[in-house]
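Novice: Below you will find the structure I want to go over with you.
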Amino acid sequence: MRILVATGHTQGTHPGDYHFCIERELVWIQEPCDRDLRDPDGPWA
């Protein structure tokens with residue numbers, strides 16, 4: 001079984017990078033909402 005864990009290893013390589021995770025906590029990929037599907041980079045990109 002493969003699992004995803006949070007890391008800040010590559011944070012800061014893209015101007016819009018951010019995360020609010022705790023290092024090594026378990027994470028899952030949530031389906032994006034309609035707004036994010038239309039504008040995946042968000043208003044700050």
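Chain labels A, B, ... are given in the sequence in which chains occur in the structure tokens; within each chain residues are numbered consecutively from 1, and ligands are likewise numbered from 1 in the order shown.
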Set the distance at 9 Å and use only C-alpha atoms: which residues neighbour A:Trp28 once local chain neighbours fewer than 3 positions away are removed? I'd like the list as a count of residues only.
Specialist: 3
Novice: Can you list, as a ChimeraX atom specification, all residues belonging to chain A that DSSP tags as helix (DSSP H, G or I)?
Specialist: /A:34-38
Novice: Grab the residues selected above and save them as a tab-separated table (two decimals), in the first residue's frame with N, CA and C atoms.
Specialist:
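The resulting selection_7.tsv:
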```
chain	number	residue	atom	x	y	z
A	34	ASP	N	-15.36	23.37	-8.13
A	34	ASP	CA	-15.57	23.94	-9.46
A	34	ASP	C	-14.71	25.17	-9.71
A	35	ARG	N	-14.57	26.03	-8.70
A	35	ARG	CA	-13.76	27.25	-8.86
A	35	ARG	C	-12.31	26.89	-9.15
A	36	ASP	N	-11.76	25.92	-8.43
A	36	ASP	CA	-10.37	25.52	-8.66
A	36	ASP	C	-10.19	24.79	-9.98
A	37	LEU	N	-11.21	24.09	-10.44
A	37	LEU	CA	-11.12	23.46	-11.75
A	37	LEU	C	-11.00	24.50	-12.85
A	38	ARG	N	-11.71	25.61	-12.70
A	38	ARG	CA	-11.67	26.70	-13.69
A	38	ARG	C	-10.36	27.50	-13.63
```
Novice: Quick one: pull the distance between atom CA of A:Pro40 and atom CA of A:Arg2, Å, one decimal.
Specialist: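 Computed distance, atom CA of A:Pro40 to atom CA of A:Arg2, equals 25.7 Å.
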Novice: A:Ile22: which residues within 10 Å, counting only C-alpha atoms, same-chain residues fewer than 4 positions away excluded, as a PDB file with C-alpha atoms, in the first residue's frame?
Specialist:
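Result written to selection15.pdb:
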```pdb
ATOM      1  CA  VAL A   5       2.764  12.147   3.714  1.00  0.00           C
ATOM      2  CA  ALA A   6       3.160  15.919   3.953  1.00  0.00           C
ATOM      3  CA  THR A   7       6.526  17.497   3.344  1.00  0.00           C
ATOM      4  CA  GLY A   8       7.835  20.994   2.748  1.00  0.00           C
ATOM      5  CA  LEU A  26      -0.892  11.530   6.409  1.00  0.00           C
ATOM      6  CA  VAL A  27      -2.642  13.335   3.558  1.00  0.00           C
TER       7      VAL A  27
END
```
Novice: Could you please determine the separation between atom CA of A:Glu31 and atom CA of A:Asp17 in Å, to one decimal place?
Specialist: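 Between these atoms lies a distance of 18.7 Å.
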Novice: Please indicate the distance in Å from atom CA of A:Pro43 to atom CA of A:Glu25, rounded to one decimal place.
Specialist: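 Pair atom CA of A:Pro43 / atom CA of A:Glu25 returns 27.6 Å.
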Novice: Write out as a ChimeraX atom specification all residues of chain A that backbone DSSP assigns to strand (DSSP E).
Specialist: /A:4-5,26-27
